[in-house]
$ cat target30.txt   # compact mmCIF, C-alpha atoms
# COMPACT_ATOMS: atom_id res chain seq x y z
CA MET W 946 -15.27 -6.49 5.87
CA SER W 947 -13.74 -6.13 2.40
CA ARG W 948 -12.24 -9.62 2.66
CA LEU W 949 -15.59 -11.09 3.65
CA LEU W 950 -17.26 -9.27 0.77
CA THR W 951 -14.64 -10.52 -1.67
CA ALA W 952 -15.02 -14.08 -0.41
CA SER W 953 -18.81 -13.86 -0.65
CA LEU W 954 -18.64 -12.51 -4.20
CA SER W 955 -16.17 -15.25 -5.21
CA ALA W 956 -18.46 -17.91 -3.78
CA ALA W 957 -21.44 -16.40 -5.57
CA VAL W 958 -19.58 -16.39 -8.88
CA LEU W 959 -18.54 -20.03 -8.45
CA VAL W 960 -22.09 -21.10 -7.63
CA ALA W 961 -23.51 -19.10 -10.53
CA PHE W 962 -21.17 -20.67 -13.07
CA ALA W 963 -21.00 -24.19 -11.64
CA PRO W 964 -23.93 -25.53 -13.74
CA VAL W 965 -22.31 -24.15 -16.90
CA ALA W 966 -19.00 -25.85 -16.10
CA ARG W 967 -20.72 -29.18 -15.46
CA ALA W 968 -22.70 -28.88 -18.69
CA ALA W 969 -19.49 -28.25 -20.63
CA ASP W 970 -18.13 -31.52 -19.29
CA GLU W 971 -20.96 -33.55 -20.80
CA PRO W 972 -19.57 -35.79 -23.57
CA LYS W 973 -22.45 -34.98 -25.91
CA ASP W 974 -21.62 -31.28 -25.62
CA ILE W 975 -17.96 -31.92 -26.44
CA ILE W 976 -18.94 -33.95 -29.49
CA ALA W 977 -21.36 -31.20 -30.58
CA LYS W 978 -18.54 -28.62 -30.41
CA ALA W 979 -16.24 -30.95 -32.36
CA ILE W 980 -18.84 -31.56 -35.07
CA LYS W 981 -19.30 -27.81 -35.46
CA ALA W 982 -15.52 -27.31 -35.74
CA HIS W 983 -15.28 -30.01 -38.42
CA GLY W 984 -17.97 -28.57 -40.69
CA GLY W 985 -21.23 -28.87 -38.80
CA GLU W 986 -23.76 -31.66 -38.26
CA GLU W 987 -25.76 -30.89 -41.41
CA TYR W 988 -22.66 -30.96 -43.63
CA LEU W 989 -21.13 -34.11 -42.13
CA ALA W 990 -24.44 -35.98 -42.13
CA LYS W 991 -24.94 -35.11 -45.81
CA HIS W 992 -21.34 -35.77 -46.91
CA GLN W 993 -20.75 -39.35 -45.83
CA ALA W 994 -18.01 -40.15 -48.32
CA VAL W 995 -14.38 -39.08 -48.58
CA GLN W 996 -11.70 -39.40 -51.26
CA ALA W 997 -8.08 -38.61 -50.45
CA THR W 998 -4.50 -38.90 -51.62
CA GLU W 999 -1.63 -38.90 -49.14
CA LYS W 1000 2.11 -39.41 -49.09
CA GLY W 1001 4.56 -40.11 -46.30
CA LYS W 1002 6.89 -42.57 -44.61
CA ILE W 1003 6.23 -45.96 -43.05
CA ASN W 1004 8.48 -48.03 -40.76
CA ILE W 1005 8.61 -51.62 -42.00
CA PRO W 1006 10.11 -54.23 -39.63
CA GLY W 1007 13.45 -55.48 -40.96
CA VAL W 1008 13.52 -52.81 -43.65
CA GLY W 1009 13.27 -49.43 -41.95
CA GLU W 1010 11.70 -46.20 -43.13
CA VAL W 1011 10.17 -46.27 -46.61
CA ASP W 1012 8.39 -43.59 -48.66
CA PHE W 1013 4.82 -44.36 -49.72
CA THR W 1014 1.85 -42.91 -51.57
CA GLU W 1015 -1.74 -43.77 -50.74
CA ASP W 1016 -5.14 -43.30 -52.34
CA TYR W 1017 -8.18 -44.12 -50.27
CA ALA W 1018 -11.92 -43.65 -50.27
CA TYR W 1019 -14.71 -44.48 -47.88
CA MET W 1020 -18.47 -44.24 -47.76
CA LEU W 1021 -20.35 -44.71 -44.54
CA PRO W 1022 -21.37 -46.94 -43.01
CA ASP W 1023 -19.11 -49.78 -44.16
CA LYS W 1024 -17.28 -49.21 -47.47
CA PHE W 1025 -13.55 -48.53 -47.69
CA LYS W 1026 -10.83 -48.91 -50.32
CA GLN W 1027 -7.12 -48.22 -49.99
CA THR W 1028 -4.34 -48.45 -52.56
CA PHE W 1029 -0.92 -48.29 -50.92
CA ASP W 1030 2.27 -48.05 -53.01
CA PHE W 1031 5.90 -48.18 -51.90
CA GLU W 1032 9.25 -49.52 -53.05
CA ILE W 1033 11.80 -51.85 -51.42
CA ALA W 1034 15.15 -52.66 -53.07
CA ASN W 1035 13.99 -51.12 -56.36
CA GLN W 1036 10.94 -53.38 -56.36
CA LYS W 1037 7.54 -51.70 -56.55
CA ILE W 1038 4.98 -53.05 -54.09
CA ARG W 1039 1.26 -52.37 -54.11
CA ILE W 1040 -1.35 -53.32 -51.51
CA VAL W 1041 -5.05 -52.95 -52.34
CA ALA W 1042 -7.48 -53.40 -49.45
CA VAL W 1043 -11.27 -53.28 -49.74
CA THR W 1044 -13.94 -53.58 -47.06
CA ASN W 1045 -17.54 -53.73 -48.20
CA GLY W 1046 -19.94 -54.77 -45.48
CA ASP W 1047 -18.66 -58.04 -44.04
CA LYS W 1048 -16.44 -58.71 -47.04
CA ILE W 1049 -12.72 -57.95 -46.71
CA SER W 1050 -10.20 -58.29 -49.51
CA VAL W 1051 -6.47 -57.58 -49.26
CA GLU W 1052 -4.26 -58.21 -52.28
CA ALA W 1053 -0.58 -57.43 -52.72
CA THR W 1054 1.83 -57.50 -55.62
CA ALA W 1055 5.61 -57.11 -55.69
CA GLY W 1056 7.18 -56.51 -59.07
CA GLY W 1057 3.86 -57.42 -60.65
CA GLN W 1058 3.71 -60.82 -58.90
CA ALA W 1059 1.06 -61.73 -56.31
CA VAL W 1060 2.22 -61.89 -52.68
CA ASP W 1061 0.42 -63.72 -49.85
CA LEU W 1062 0.22 -61.43 -46.81
CA GLY W 1063 -1.53 -63.98 -44.58
CA ASP W 1064 -4.79 -63.67 -42.66
CA ASN W 1065 -3.65 -61.30 -39.91
CA ILE W 1066 -3.83 -58.31 -42.20
CA LYS W 1067 -7.51 -59.02 -42.94
CA THR W 1068 -8.18 -59.08 -39.21
CA ALA W 1069 -6.50 -55.68 -38.89
CA TYR W 1070 -8.79 -54.21 -41.58
CA LYS W 1071 -11.91 -55.61 -39.92
CA ASP W 1072 -12.19 -52.65 -37.55
CA VAL W 1073 -11.62 -49.96 -40.22
CA PRO W 1074 -15.31 -49.18 -40.93
CA HIS W 1075 -16.01 -48.70 -37.21
CA VAL W 1076 -12.99 -46.40 -36.82
CA LEU W 1077 -14.08 -44.36 -39.85
CA ARG W 1078 -17.66 -43.98 -38.59
CA VAL W 1079 -16.47 -42.75 -35.20
CA GLY W 1080 -13.88 -40.43 -36.75
CA HIS W 1081 -16.54 -38.91 -39.02
CA LEU W 1082 -18.25 -37.75 -35.78
CA ALA W 1083 -21.79 -37.18 -37.14
CA PRO W 1084 -22.84 -40.84 -36.58
CA LEU W 1085 -22.17 -40.36 -32.85
CA VAL W 1086 -25.30 -38.20 -32.56
CA LYS W 1087 -27.38 -39.97 -35.22
CA ASP W 1088 -26.88 -43.57 -34.08
CA LYS W 1089 -28.34 -44.30 -30.64
CA GLY W 1090 -26.12 -47.38 -30.38
CA TYR W 1091 -23.12 -45.25 -29.39
CA GLU W 1092 -22.45 -44.55 -25.72
CA LEU W 1093 -20.23 -41.62 -24.75
CA SER W 1094 -18.30 -41.10 -21.53
CA ILE W 1095 -15.73 -38.59 -20.33
CA ILE W 1096 -12.09 -39.69 -20.09
CA GLY W 1097 -10.76 -36.40 -18.76
CA GLU W 1098 -8.13 -33.83 -19.64
CA ASP W 1099 -4.75 -34.64 -21.13
CA LYS W 1100 -2.20 -33.23 -23.58
CA VAL W 1101 -1.47 -34.18 -27.20
CA GLU W 1102 1.56 -32.65 -28.91
CA GLY W 1103 1.72 -30.14 -26.05
CA LYS W 1104 -1.89 -29.01 -26.54
CA LYS W 1105 -4.57 -29.33 -23.87
CA VAL W 1106 -7.23 -31.85 -24.85
CA VAL W 1107 -10.29 -33.48 -23.36
CA GLY W 1108 -11.08 -37.11 -24.03
CA VAL W 1109 -14.35 -38.89 -24.82
CA ARG W 1110 -14.64 -42.67 -24.90
CA VAL W 1111 -16.96 -44.13 -27.55
CA THR W 1112 -18.54 -47.50 -26.82
CA LYS W 1113 -20.75 -49.58 -29.10
CA LYS W 1114 -21.97 -53.15 -28.72
CA ASP W 1115 -19.78 -55.72 -30.51
CA CYS W 1116 -17.21 -53.03 -31.40
CA LYS W 1117 -13.95 -52.00 -29.78
CA ASP W 1118 -13.90 -48.88 -27.64
CA ILE W 1119 -12.37 -45.81 -29.26
CA SER W 1120 -11.00 -42.82 -27.34
CA LEU W 1121 -11.27 -39.40 -28.97
CA TYR W 1122 -9.22 -36.43 -27.78
CA PHE W 1123 -10.25 -32.89 -28.79
CA ASP W 1124 -8.23 -29.68 -28.66
CA THR W 1125 -9.97 -27.57 -26.00
CA GLU W 1126 -9.29 -24.34 -27.91
CA THR W 1127 -10.38 -25.34 -31.42
CA TRP W 1128 -12.43 -28.51 -30.63
CA LEU W 1129 -10.75 -30.21 -33.57
CA LEU W 1130 -9.91 -33.90 -33.22
CA ALA W 1131 -6.32 -34.21 -31.98
CA LYS W 1132 -6.06 -37.97 -31.47
CA MET W 1133 -7.88 -41.28 -31.77
CA GLU W 1134 -6.77 -44.28 -29.73
CA TYR W 1135 -8.00 -47.87 -29.90
CA GLN W 1136 -6.97 -51.52 -29.82
CA THR W 1137 -6.22 -53.27 -33.09
CA VAL W 1138 -4.21 -56.20 -34.41
CA ASP W 1139 -0.62 -56.17 -35.62
CA SER W 1140 -0.93 -57.12 -39.29
CA SER W 1141 2.27 -59.20 -39.20
CA THR W 1142 2.06 -60.97 -35.82
CA GLY W 1143 -1.68 -61.02 -35.11
CA LYS W 1144 -1.08 -59.70 -31.58
CA ASP W 1145 -3.28 -57.03 -30.01
CA ILE W 1146 -1.70 -53.59 -30.01
CA THR W 1147 -2.66 -50.03 -29.10
CA GLU W 1148 -2.86 -47.71 -32.09
CA GLU W 1149 -2.86 -43.92 -31.85
CA ARG W 1150 -3.68 -41.60 -34.73
CA ILE W 1151 -2.45 -38.07 -34.03
CA PHE W 1152 -3.85 -35.32 -36.26
CA LYS W 1153 -1.77 -32.19 -36.87
CA GLU W 1154 -1.62 -28.91 -38.78
CA TYR W 1155 -5.29 -28.43 -39.55
CA GLY W 1156 -6.24 -26.28 -42.51
CA LYS W 1157 -9.13 -25.86 -44.92
CA ASN W 1158 -9.56 -28.08 -47.97
CA GLY W 1159 -10.99 -26.83 -51.27
CA ASP W 1160 -14.51 -26.79 -49.81
CA GLY W 1161 -13.49 -24.82 -46.74
CA ILE W 1162 -13.70 -27.81 -44.37
CA MET W 1163 -11.05 -28.14 -41.68
CA ILE W 1164 -8.90 -31.23 -42.23
CA PRO W 1165 -5.64 -32.41 -40.65
CA LYS W 1166 -2.83 -31.88 -43.14
CA LYS W 1167 -0.58 -34.35 -41.30
CA THR W 1168 -1.17 -37.59 -39.37
CA VAL W 1169 1.17 -39.62 -37.19
CA VAL W 1170 0.26 -43.25 -36.46
CA LYS W 1171 1.85 -44.90 -33.43
CA GLN W 1172 1.61 -48.56 -32.48
CA ASP W 1173 2.36 -49.39 -28.84
CA GLY W 1174 3.98 -45.98 -28.52
CA LYS W 1175 6.35 -46.32 -31.50
CA THR W 1176 5.94 -44.27 -34.66
CA PHE W 1177 4.66 -46.55 -37.41
CA LEU W 1178 3.61 -44.10 -40.10
CA GLU W 1179 3.69 -40.39 -40.88
CA SER W 1180 1.57 -38.96 -43.69
CA GLU W 1181 0.54 -35.66 -45.21
CA VAL W 1182 -2.51 -34.88 -47.30
CA VAL W 1183 -2.06 -34.14 -50.99
CA GLU W 1184 -5.81 -33.82 -51.56
CA MET W 1185 -8.92 -34.61 -49.54
CA LYS W 1186 -12.54 -33.97 -50.43
CA TYR W 1187 -15.88 -34.78 -48.85
CA LEU W 1188 -18.65 -36.11 -51.09
CA GLU W 1189 -22.31 -36.93 -50.62
CA LYS W 1190 -21.78 -40.43 -52.00
CA LEU W 1191 -19.55 -42.63 -54.14
CA ASP W 1192 -20.60 -45.22 -56.68
CA ASP W 1193 -20.52 -48.80 -55.40
CA SER W 1194 -18.11 -49.68 -58.21
CA GLU W 1195 -15.46 -47.66 -56.33
CA PHE W 1196 -15.35 -50.42 -53.72
CA LYS W 1197 -14.73 -53.42 -55.94
CA LYS W 1198 -11.40 -55.19 -56.19
$ encode --input "target30.txt" --output "structure tokens"
Amino acid sequence: MSRLLTASLSAAVLVAFAPVARAADEPKDIIAKAIKAHGGEEYLAKHQAVQATEKGKINIPGVGEVDFTEDYAYMLPDKFKQTFDFEIANQKIRIVAVTNGDKISVEATAGGQAVDLGDNIKTAYKDVPHVLRVGHLAPLVKDKGYELSIIGEDKVEGKKVVGVRVTKKDCKDISLYFDTETWLLAKMEYQTVDSSTGKDITEERIFKEYGKNGDGIMIPKKTVVKQDGKTFLESEVVEMKYLEKLDDSEFKK
């Protein structure tokens, strides 16, 4: 009798909580939890611009691992500027990339002299505004053009995550993986273009060591970028701040 009672109670508990479990698996609910963990919908919707400084190491084909510093800024929906500085053989190299709507500019100098990087690098930057909008999270609930679907459970850096695929017409799919304990974004994965060869590659951005910035917003202090499974870049945040907006002059060459 006790076994039957235990079995009946177990079944009752499972039935009672089954709707809750299914609701938790809805992609919109996962995104809502993630938005809350990253500062809340009201904050992220209001603060659609970011300025940041980072430093780290990048693996350059034929050269190896090189130290770099980077300043970047973006303002949703489609403005981005990056200044990337590093040194090879005692020669200082700077790359300045700007996306502003449909306009993309990438300029490089080595030792003060202009360097032609070819057209592939512009193609690689074409998807940056879309990646930034998705990574900002708030647009996923504001823009009805986004479709969300469950990928399932996985692990990133040994932590249990759940994945959500983001689909939008005329844009590449992006997979988001969230830590199931903190609901912070652990990884983004998408297809992009190798800036040197022009070939399609899979890029992963793994976010680590979250902590609060000066405004109390949780940000990843370190990021690892992998291309086709190989580590391409490792960076750490020197400073990052969210802003309501940036002047358009910030996104000129």
$ residues_around --input "target30.txt" --residues "Asp1173 (chain W)" --least-positions-apart "3" --cutoff "9 Å" --atoms "all atoms listed in the file" --output "PDB file with C-alpha atoms, keeping the file's coordinate frame"
ATOM      1  CA  ILE W1146      -1.700 -53.590 -30.010  1.00  0.00           C
ATOM      2  CA  THR W1147      -2.660 -50.030 -29.100  1.00  0.00           C
ATOM      3  CA  GLU W1148      -2.860 -47.710 -32.090  1.00  0.00           C
ATOM      4  CA  GLU W1149      -2.860 -43.920 -31.850  1.00  0.00           C
ATOM      5  CA  THR W1176       5.940 -44.270 -34.660  1.00  0.00           C
TER       6      THR W1176
END
$ residues_around --input "target30.txt" --residues "Ser1120 (chain W)" --least-positions-apart "5" --cutoff "9 Å" --atoms "all atoms listed in the file" --output "PyMOL selection string"
chain W and resi 1096+1108-1112+1132-1135
$ closest_residue --input "target30.txt" --among "W:Thr1028, W:Ser1094, W:Thr1068, W:Ser1180" --to "Ile976 (chain W)" --atoms "all atoms listed in the file"
W:Ser1094
$ atom_distance --input "target30.txt" --atom1 "CA of Lys1197 (chain W)" --atom2 "CA of Val1138 (chain W)"
24.1 Å
$ closest_residue --input "target30.txt" --among "W:Tyr1019, W:Trp1128, W:Phe1196, W:Tyr988" --to "Val1043 (chain W)" --atoms "all atoms listed in the file"
W:Phe1196
